[in-house]
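**Student:** Sharing final_5.cif (mmCIF, C-alpha atoms) below.
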data_model
loop_
_atom_site.label_atom_id
_atom_site.label_comp_id
_atom_site.auth_asym_id
_atom_site.auth_seq_id
_atom_site.Cartn_x
_atom_site.Cartn_y
_atom_site.Cartn_z
CA MET A 263 -111.39 -47.20 -95.57
CA VAL A 264 -109.64 -44.36 -93.73
CA VAL A 265 -112.99 -42.51 -93.40
CA TRP A 266 -114.67 -45.59 -91.88
CA ARG A 267 -111.79 -45.97 -89.43
CA ALA A 268 -112.21 -42.33 -88.36
CA VAL A 269 -115.97 -42.81 -87.94
CA GLY A 270 -115.38 -45.97 -85.87
CA TYR A 271 -112.82 -44.18 -83.71
CA ASN A 272 -115.16 -41.27 -83.04
CA ILE A 273 -118.02 -43.59 -82.08
CA ALA A 274 -115.68 -45.52 -79.75
CA ALA A 275 -114.39 -42.25 -78.29
CA PHE A 276 -117.97 -41.16 -77.55
CA ILE A 277 -118.89 -44.44 -75.85
CA LEU A 278 -115.66 -44.71 -73.89
CA LYS A 279 -115.48 -41.03 -72.83
CA PRO A 280 -116.81 -41.61 -69.28
CA PHE A 281 -113.82 -43.89 -68.61
CA GLU A 282 -111.30 -41.34 -69.86
CA LYS A 283 -110.97 -39.39 -66.61
CA SER A 284 -111.04 -42.41 -64.32
CA GLY A 285 -107.89 -43.37 -62.45
CA ILE A 286 -107.96 -46.93 -63.83
CA SER A 287 -104.81 -48.04 -65.62
CA PRO A 288 -105.05 -49.86 -68.97
CA ASN A 289 -103.16 -52.84 -67.52
CA ALA A 290 -105.71 -53.20 -64.72
CA ILE A 291 -108.44 -53.33 -67.35
CA SER A 292 -106.55 -56.04 -69.27
CA TRP A 293 -106.18 -57.98 -66.00
CA PHE A 294 -109.89 -57.69 -65.26
CA SER A 295 -110.79 -58.69 -68.82
CA LEU A 296 -108.79 -61.92 -68.40
CA PHE A 297 -110.37 -62.52 -64.99
CA LEU A 298 -113.82 -62.08 -66.53
CA SER A 299 -112.97 -64.64 -69.24
CA VAL A 300 -112.99 -67.32 -66.54
CA PHE A 301 -116.67 -66.56 -65.94
CA VAL A 302 -117.39 -66.45 -69.69
CA SER A 303 -115.99 -69.97 -69.94
CA LEU A 304 -118.08 -71.20 -67.00
CA LEU A 305 -121.25 -69.58 -68.38
CA PHE A 306 -120.89 -71.06 -71.86
CA ARG A 307 -120.10 -74.49 -70.45
CA SER A 308 -123.15 -74.28 -68.19
CA ASN A 309 -125.28 -73.65 -71.32
CA LEU A 310 -126.18 -70.16 -70.07
CA LEU A 311 -125.76 -68.81 -73.57
CA LEU A 312 -127.33 -65.37 -73.09
CA TYR A 313 -125.27 -64.60 -69.98
CA GLY A 314 -122.19 -65.98 -71.74
CA ILE A 315 -122.80 -63.65 -74.69
CA ILE A 316 -123.22 -60.65 -72.36
CA ALA A 317 -120.05 -61.55 -70.45
CA LEU A 318 -118.09 -62.11 -73.66
CA PHE A 319 -119.30 -58.76 -74.98
CA SER A 320 -118.05 -57.19 -71.72
CA VAL A 321 -114.65 -58.85 -72.19
CA LEU A 322 -114.40 -57.45 -75.73
CA PHE A 323 -115.55 -54.04 -74.52
CA LEU A 324 -112.82 -54.04 -71.85
CA ASP A 325 -110.34 -55.13 -74.49
CA ALA A 326 -111.25 -52.09 -76.59
CA LEU A 327 -111.25 -49.87 -73.52
CA ASP A 328 -107.67 -50.64 -72.42
CA GLY A 329 -106.19 -49.68 -75.79
CA PHE A 330 -108.36 -46.59 -75.99
CA LEU A 331 -107.37 -45.45 -72.47
CA ALA A 332 -103.69 -46.08 -73.21
CA ARG A 333 -103.92 -43.87 -76.28
CA LYS A 334 -105.93 -41.15 -74.55
CA LYS A 335 -103.63 -41.00 -71.52
CA HIS A 336 -100.53 -41.21 -73.74
CA LEU A 337 -99.44 -44.42 -72.03
CA GLU A 338 -98.89 -46.36 -75.25
CA SER A 339 -95.82 -48.54 -75.02
CA PHE A 340 -94.53 -51.85 -76.29
CA ASP A 341 -94.78 -53.23 -72.73
CA GLY A 342 -98.46 -52.26 -72.65
CA LEU A 343 -99.04 -53.94 -75.99
CA VAL A 344 -97.40 -57.12 -74.66
CA VAL A 345 -99.70 -57.08 -71.60
CA ASP A 346 -102.74 -56.53 -73.80
CA VAL A 347 -102.03 -59.24 -76.36
CA SER A 348 -100.93 -61.82 -73.79
CA CYS A 349 -104.16 -61.27 -71.81
CA ASP A 350 -106.11 -61.64 -75.06
CA ARG A 351 -104.44 -64.91 -75.99
CA LEU A 352 -104.95 -66.47 -72.55
CA SER A 353 -108.53 -65.20 -72.57
CA GLU A 354 -109.08 -66.98 -75.91
CA PHE A 355 -107.85 -70.29 -74.49
CA MET A 356 -110.11 -69.91 -71.49
CA ILE A 357 -113.22 -69.00 -73.52
CA PHE A 358 -112.79 -71.54 -76.31
CA TYR A 359 -112.24 -74.58 -74.10
CA PRO A 360 -113.40 -77.40 -74.71
CA SER A 361 -113.75 -76.88 -78.48
CA SER A 362 -110.69 -78.51 -80.10
CA LEU A 363 -110.90 -76.46 -83.28
CA TRP A 364 -111.13 -73.12 -81.49
CA VAL A 365 -108.37 -73.99 -79.01
CA VAL A 366 -106.05 -74.99 -81.87
CA LEU A 367 -106.93 -71.73 -83.67
CA ALA A 368 -106.15 -69.81 -80.46
CA ALA A 369 -102.79 -71.60 -80.27
CA VAL A 370 -102.05 -70.61 -83.88
CA ASN A 371 -103.09 -67.04 -83.01
CA CYS A 372 -100.35 -66.96 -80.36
CA TYR A 373 -97.75 -67.42 -83.11
CA PHE A 374 -99.48 -64.78 -85.25
CA THR A 375 -99.15 -62.50 -82.23
CA VAL A 376 -95.41 -63.14 -81.92
CA TRP A 377 -95.12 -62.46 -85.63
CA LYS A 378 -97.20 -59.29 -85.32
CA LEU A 379 -95.01 -58.00 -82.49
CA LYS A 380 -92.08 -58.33 -84.87
CA ASN A 381 -93.93 -57.01 -87.93
CA LYS A 382 -96.91 -54.69 -87.44
CA LYS A 383 -98.43 -55.54 -90.82
CA ILE A 384 -99.34 -59.08 -89.73
CA PRO A 385 -102.98 -59.35 -88.59
CA ILE A 386 -104.08 -61.15 -85.42
CA LEU A 387 -107.16 -63.31 -85.94
CA PRO A 388 -110.21 -61.72 -84.22
CA LEU A 389 -111.28 -65.10 -82.86
CA ARG A 390 -113.32 -63.93 -79.88
CA HIS A 391 -115.29 -61.52 -82.06
CA LEU A 392 -116.04 -64.38 -84.46
CA PHE A 393 -116.97 -66.60 -81.53
CA LEU A 394 -119.34 -63.90 -80.26
CA ILE A 395 -121.04 -63.62 -83.66
CA ILE A 396 -121.44 -67.40 -83.85
CA ALA A 397 -122.77 -67.51 -80.27
CA ILE A 398 -125.34 -64.78 -81.08
CA LEU A 399 -126.40 -66.62 -84.26
CA GLY A 400 -126.65 -69.81 -82.20
CA PHE A 401 -128.72 -68.05 -79.56
CA PHE A 402 -131.26 -66.93 -82.16
CA LYS A 403 -131.08 -70.43 -83.70
CA LEU A 404 -129.88 -69.04 -87.03
CA ILE A 405 -127.16 -71.68 -87.32
CA MET B 111 -98.92 -70.34 -57.04
CA ASP B 112 -98.87 -73.54 -55.03
CA PRO B 113 -100.00 -76.87 -56.57
CA ILE B 114 -103.09 -77.15 -54.35
CA SER B 115 -104.38 -73.76 -55.53
CA HIS B 116 -103.82 -74.85 -59.13
CA ILE B 117 -105.72 -78.08 -58.52
CA ALA B 118 -108.51 -76.20 -56.69
CA PHE B 119 -108.76 -73.74 -59.60
CA VAL B 120 -109.07 -76.45 -62.24
CA TYR B 121 -111.55 -78.27 -60.00
CA ILE B 122 -113.72 -75.13 -59.91
CA LEU B 123 -113.35 -74.61 -63.68
CA ALA B 124 -114.24 -78.25 -64.33
CA MET B 125 -117.36 -77.65 -62.21
CA GLY B 126 -116.61 -80.54 -59.90
CA ASN B 127 -115.67 -83.07 -62.58
CA MET B 128 -112.19 -84.33 -61.90
CA ASP B 129 -109.85 -87.03 -63.10
CA ILE B 130 -106.10 -87.55 -63.23
CA TRP B 131 -105.76 -85.53 -66.48
CA PHE B 132 -107.05 -82.35 -64.84
CA ILE B 133 -104.56 -82.73 -61.98
CA LEU B 134 -101.72 -83.58 -64.36
CA GLY B 135 -102.45 -80.53 -66.50
CA ALA B 136 -102.74 -78.27 -63.47
CA VAL B 137 -99.35 -79.20 -62.03
CA ALA B 138 -97.33 -80.22 -65.12
CA PRO B 139 -96.00 -76.74 -66.10
CA ASP B 140 -94.32 -76.50 -62.69
CA ILE B 141 -91.84 -79.12 -63.88
CA ASP B 142 -89.57 -76.16 -64.58
CA LYS B 143 -89.13 -75.77 -60.82
CA ILE B 144 -86.54 -78.53 -61.14
CA PHE B 145 -84.41 -76.06 -63.10
CA THR B 146 -85.30 -73.29 -60.67
CA TYR B 147 -83.98 -75.25 -57.72
CA ARG B 148 -80.98 -76.55 -59.65
CA TYR B 149 -79.80 -73.10 -60.69
CA GLY B 150 -80.94 -71.36 -57.53
CA LYS B 151 -83.17 -68.80 -59.25
CA PHE B 152 -86.07 -68.25 -56.92
CA ARG B 153 -87.42 -64.83 -57.76
CA GLY B 154 -90.31 -63.98 -60.04
CA CYS B 155 -90.10 -64.63 -63.75
CA GLU B 156 -86.38 -65.33 -63.56
CA SER B 157 -87.29 -68.63 -61.99
CA ARG B 158 -89.46 -69.59 -64.94
CA THR B 159 -88.49 -71.31 -68.14
CA ILE B 160 -90.11 -71.31 -71.59
CA VAL B 161 -92.50 -74.03 -70.33
CA HIS B 162 -94.39 -71.25 -68.53
CA GLU B 163 -94.51 -68.74 -71.38
CA LEU B 164 -96.97 -68.31 -74.23
CA PRO B 165 -95.10 -69.68 -77.27
CA VAL B 166 -94.52 -73.06 -75.62
CA ALA B 167 -97.77 -72.88 -73.64
CA ALA B 168 -99.71 -72.46 -76.90
CA LEU B 169 -98.00 -75.53 -78.33
CA LEU B 170 -98.70 -77.60 -75.21
CA VAL B 171 -102.33 -76.47 -75.00
CA GLY B 172 -102.86 -77.10 -78.74
CA ILE B 173 -101.49 -80.64 -78.43
CA SER B 174 -103.17 -81.39 -75.10
CA ILE B 175 -106.70 -80.69 -76.43
CA LEU B 176 -106.11 -83.52 -78.91
CA ILE B 177 -105.09 -85.87 -76.07
CA SER B 178 -107.53 -85.05 -73.30
CA ASN B 179 -109.90 -82.19 -72.50
CA GLY B 180 -108.95 -82.47 -68.84
CA LEU B 181 -105.25 -82.09 -69.56
CA CYS B 182 -106.00 -79.04 -71.71
CA LEU B 183 -108.14 -77.33 -69.06
CA GLY B 184 -105.51 -78.10 -66.43
CA LEU B 185 -102.82 -76.42 -68.52
CA ILE B 186 -104.98 -73.40 -69.39
CA SER B 187 -105.98 -72.89 -65.76
CA HIS B 188 -102.35 -73.11 -64.67
CA TYR B 189 -101.16 -70.52 -67.18
CA VAL B 190 -104.03 -68.13 -66.45
CA LEU B 191 -103.61 -68.33 -62.67
CA ASP B 192 -99.84 -67.84 -62.82
CA PHE B 193 -100.22 -64.98 -65.29
CA ILE B 194 -102.77 -63.00 -63.29
CA LEU B 195 -100.95 -63.44 -60.00
CA GLY B 196 -97.28 -63.45 -60.82
CA GLU B 197 -94.50 -62.00 -62.86
CA SER B 198 -93.87 -63.36 -66.35
CA LYS B 199 -92.19 -62.81 -69.67
CA PRO B 200 -95.11 -63.90 -71.87
CA PHE B 201 -93.27 -63.96 -75.18
CA HIS B 202 -89.94 -65.30 -73.97
CA PRO B 203 -87.68 -66.26 -75.80
CA PHE B 204 -88.81 -63.90 -78.61
CA PHE B 205 -89.34 -60.83 -76.42
CA GLU B 206 -88.06 -60.24 -72.89
CA ASN B 207 -90.73 -57.76 -71.75
CA ILE B 208 -91.78 -58.46 -68.18
CA VAL B 209 -95.46 -58.43 -67.26
CA ASP B 210 -96.30 -57.90 -63.61
CA PHE B 211 -99.67 -56.60 -62.44
CA ASN B 212 -98.15 -55.77 -59.04
CA LEU B 213 -101.01 -57.35 -57.15
CA GLU B 214 -100.50 -56.81 -53.43
CA LEU B 215 -99.56 -59.85 -51.38
CA LYS B 216 -102.75 -59.66 -49.31
CA TYR B 217 -104.86 -59.99 -52.46
CA LYS B 218 -102.78 -62.92 -53.67
CA ILE B 219 -103.23 -64.65 -50.31
CA ALA B 220 -106.95 -63.87 -50.34
CA LEU B 221 -107.33 -65.29 -53.84
CA GLY B 222 -105.36 -68.42 -52.89
CA ALA B 223 -107.48 -68.89 -49.77
CA GLY B 224 -110.62 -68.29 -51.83
CA LEU B 225 -109.58 -71.01 -54.27
CA TRP B 226 -108.83 -73.49 -51.47
CA LEU B 227 -112.17 -72.76 -49.79
CA SER B 228 -114.23 -72.78 -53.00
CA GLY B 229 -112.59 -76.01 -54.17
CA GLY B 230 -113.16 -77.59 -50.76
CA LEU B 231 -116.79 -76.49 -50.64
CA LEU B 232 -117.41 -77.76 -54.17
CA ALA B 233 -115.92 -81.13 -53.18
CA ILE B 234 -118.17 -81.35 -50.10
CA ILE B 235 -121.33 -80.34 -52.00
#
Is it possible to express this structure as structure tokens?
**Tutor:**
Amino acid sequence: MVVWRAVGYNIAAFILKPFEKSGISPNAISWFSLFLSVFVSLLFRSNLLLYGIIALFSVLFLDALDGFLARKKHLESFDGLVVDVSCDRLSEFMIFYPSSLWVVLAAVNCYFTVWKLKNKKIPILPLRHLFLIIAILGFFKLI
Amino acid sequence: MDPISHIAFVYILAMGNMDIWFILGAVAPDIDKIFTYRYGKFRGCESRTIVHELPVAALLVGISILISNGLCLGLISHYVLDFILGESKPFHPFFENIVDFNLELKYKIALGAGLWLSGGLLAII
């Protein structure tokens, strides 16, 4: 498990290296990721599934990027974590609308997040990743 | 953000479909302004109550989707717009960390004007 985590980190580090020396702050990336979620929502609701998938992938990429940059630039802080997770939760609401089930799951995830901020062992549900997988399967008509 | 910008934003998100639920959702969280005015707290997140922060917002959004899709989208749009433009304590009352993206006033005004114009254009089209 630890080996796989190290492999994953190294792959991410390789992909995200070009962003490392940029002057962009992790919070600005979180902000942009939330802003982009608005377009993800509009694309999915306009039945532009492929563009929605690409935009959602970009949102998740930015989500990974902000944490990575924070760690690389030694800017990790509890305040930064709060910015990151609150952007993620609002982004989930925006993307999942109008599906009742997903919106309710996103609401539950908010409480998981509060719990996680108090106790690091609690996992946050990776709802957007799951949504992306389902959207890709739907695009290829596999479900 | 002002109520008209909130209504314009939900109007854009609803892609031109609008009913009373959208408007209600878009302006309802600002009910806490009553407390703001009453206690004279007019600055940033200090003027906000738990109605504007994630733990209660999640509850309201979760319930609203079961009542009306329009109400839910109105609430979501309100929270997102206030969060990206203003100062907040997203996990109040559990955590008091303040989130502020320090967006310059000119960008806030430009975004507000953009929302008004886009909403107006969408209504005309």
**Student:** Give me, please, the distance in Å between CA of Ile122 in chain B and CA of Gly229 in chain B, quoted to one decimal.
**Tutor:** 5.9 Å
**Student:** With chain B as the partner and 6 Å as the cut-off, tabulate the residues of chain A that qualify, each row holding the nearest pair of atoms and their distance in Å to one decimal, using only C-alpha atoms, sorted by chain and rising number, as a Markdown table.
**Tutor:**
| residue | atom | partner | partner_atom | distance |
| --- | --- | --- | --- | --- |
| A:Ser362 | CA | B:Ile175 | CA | 5.8 |
| A:Val366 | CA | B:Gly172 | CA | 4.9 |
| A:Ala369 | CA | B:Ala168 | CA | 4.6 |
**Student:** Which polymer residues have any atom within 10 Å of an atom of range 276-282 of chain A, counting only C-alpha atoms, with same-chain residues fewer than 2 positions away left out, as a PyMOL selection string?
**Tutor:** chain A and resi 270-274+284-286+323-324+326-328+330-332+334-335
**Student:** Just write the chosen residues, C-alpha atoms, as a CSV table (one decimal), keeping the file's coordinate frame.
**Tutor:**
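Wrote again.csv, looks like this:
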chain,number,residue,atom,x,y,z
A,270,GLY,CA,-115.4,-46.0,-85.9
A,271,TYR,CA,-112.8,-44.2,-83.7
A,272,ASN,CA,-115.2,-41.3,-83.0
A,273,ILE,CA,-118.0,-43.6,-82.1
A,274,ALA,CA,-115.7,-45.5,-79.8
A,284,SER,CA,-111.0,-42.4,-64.3
A,285,GLY,CA,-107.9,-43.4,-62.4
A,286,ILE,CA,-108.0,-46.9,-63.8
A,323,PHE,CA,-115.6,-54.0,-74.5
A,324,LEU,CA,-112.8,-54.0,-71.8
A,326,ALA,CA,-111.2,-52.1,-76.6
A,327,LEU,CA,-111.2,-49.9,-73.5
A,328,ASP,CA,-107.7,-50.6,-72.4
A,330,PHE,CA,-108.4,-46.6,-76.0
A,331,LEU,CA,-107.4,-45.4,-72.5
A,332,ALA,CA,-103.7,-46.1,-73.2
A,334,LYS,CA,-105.9,-41.2,-74.6
A,335,LYS,CA,-103.6,-41.0,-71.5
**Student:** I need the output of the PyMOL selection byres ((chain A and resi 301-305) around 9) for this file as a PyMOL selection string; which residues are they?
**Tutor:** (chain A and resi 297-300+306-318+321+356-359) or (chain B and resi 123-125)
**Student:** What is the CA of Thr375 in chain A to CA of His336 in chain A distance in Å?
**Tutor:**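 CA of His336 in chain A lies 23.0 Å from CA of Thr375 in chain A.
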**Student:** If the PyMOL selection byres ((chain A and resi 293) around 9) were run on this exact file, what residues would it hold? Put them as a ChimeraX atom specification.
**Tutor:** /A:288-292,294-298,345-346,349 /B:194,211
**Student:** Run the PyMOL selection byres ((chain B and resi 142) around 8) mentally over the shown coordinates, then write out the matched residues as a PyMOL selection string, using the chain letters and numbers from the document.
**Tutor:** chain B and resi 139-141+143-146+158-159+161-162
**Student:** Would you compute the distance between CA of Leu352 in chain A and CA of Leu232 in chain B? Give it in Å to one decimal.
**Tutor:**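 According to the coordinates, CA of Leu352 in chain A and CA of Leu232 in chain B are separated by 24.9 Å.
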**Student:** Could you check the closest approach to Gly184 in chain B for each of A:Ile405, A:Ile398, A:Leu379, A:Pro360 and tell me which residue wins, using all atoms listed in the file?
**Tutor:** A:Pro360
**Student:** Within 8 Å of Ile133 in chain B, counting only C-alpha atoms, which residues qualify if same-chain residues fewer than 3 places away don't, as a list in words?
**Tutor:**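 Using only C-alpha atoms, the neighbours found are Ile117, Val120, Met128, Asp129, Ile130, Ala136, Val137, Leu181 and Gly184 of chain B.
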**Student:** So that I can check the surroundings of Leu389 in chain A, please list as a PyMOL selection string every protein, DNA and RNA residue that reaches within 10 Å of it, counting all atoms listed in the file and ignoring chain neighbours fewer than 6 positions away.
**Tutor:** chain A and resi 350-351+354+358+364+367-368+371+395
**Student:** Can I get the selected residues back with C-alpha atoms, as a short mmCIF file (atom, residue, chain, number, x, y, z; two decimals), in the coordinates of the input?
**Tutor:**
data_model
loop_
_atom_site.label_atom_id
_atom_site.label_comp_id
_atom_site.auth_asym_id
_atom_site.auth_seq_id
_atom_site.Cartn_x
_atom_site.Cartn_y
_atom_site.Cartn_z
CA ASP A 350 -106.11 -61.64 -75.06
CA ARG A 351 -104.44 -64.91 -75.99
CA GLU A 354 -109.08 -66.98 -75.91
CA PHE A 358 -112.79 -71.54 -76.31
CA TRP A 364 -111.13 -73.12 -81.49
CA LEU A 367 -106.93 -71.73 -83.67
CA ALA A 368 -106.15 -69.81 -80.46
CA ASN A 371 -103.09 -67.04 -83.01
CA ILE A 395 -121.04 -63.62 -83.66
#
**Student:** Starting from the incomplete input, reconstruct N, CA and C atoms of range 176-191 of chain B and report them as a tab-separated table (two decimals), keeping the file's coordinate frame.
**Tutor:**
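Result written to part21.tsv:
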chain	number	residue	atom	x	y	z
B	176	LEU	N	-105.94	-82.34	-78.06
B	176	LEU	CA	-106.11	-83.52	-78.91
B	176	LEU	C	-105.93	-84.81	-78.10
B	177	ILE	N	-105.31	-84.68	-76.92
B	177	ILE	CA	-105.09	-85.87	-76.07
B	177	ILE	C	-106.25	-86.03	-75.08
B	178	SER	N	-106.49	-84.96	-74.32
B	178	SER	CA	-107.53	-85.05	-73.30
B	178	SER	C	-108.02	-83.64	-72.96
B	179	ASN	N	-109.33	-83.49	-72.86
B	179	ASN	CA	-109.90	-82.19	-72.50
B	179	ASN	C	-109.44	-81.77	-71.10
B	180	GLY	N	-109.35	-82.75	-70.22
B	180	GLY	CA	-108.95	-82.47	-68.84
B	180	GLY	C	-107.54	-81.92	-68.77
B	181	LEU	N	-106.64	-82.54	-69.53
B	181	LEU	CA	-105.25	-82.09	-69.56
B	181	LEU	C	-105.18	-80.65	-70.08
B	182	CYS	N	-105.98	-80.37	-71.11
B	182	CYS	CA	-106.00	-79.04	-71.71
B	182	CYS	C	-106.50	-78.00	-70.70
B	183	LEU	N	-107.60	-78.30	-70.02
B	183	LEU	CA	-108.14	-77.33	-69.06
B	183	LEU	C	-107.16	-77.12	-67.90
B	184	GLY	N	-106.51	-78.21	-67.49
B	184	GLY	CA	-105.51	-78.10	-66.43
B	184	GLY	C	-104.40	-77.13	-66.81
B	185	LEU	N	-103.91	-77.29	-68.05
B	185	LEU	CA	-102.82	-76.42	-68.52
B	185	LEU	C	-103.29	-74.97	-68.62
B	186	ILE	N	-104.47	-74.78	-69.23
B	186	ILE	CA	-104.98	-73.40	-69.39
B	186	ILE	C	-105.14	-72.74	-68.03
B	187	SER	N	-105.74	-73.48	-67.09
B	187	SER	CA	-105.98	-72.89	-65.76
B	187	SER	C	-104.66	-72.53	-65.08
B	188	HIS	N	-103.65	-73.38	-65.27
B	188	HIS	CA	-102.35	-73.11	-64.67
B	188	HIS	C	-101.75	-71.81	-65.22
B	189	TYR	N	-101.77	-71.70	-66.56
B	189	TYR	CA	-101.16	-70.52	-67.18
B	189	TYR	C	-101.91	-69.24	-66.80
B	190	VAL	N	-103.23	-69.32	-66.78
B	190	VAL	CA	-104.03	-68.13	-66.45
B	190	VAL	C	-103.76	-67.71	-65.00
B	191	LEU	N	-103.79	-68.67	-64.09
B	191	LEU	CA	-103.61	-68.33	-62.67
B	191	LEU	C	-102.21	-67.74	-62.41
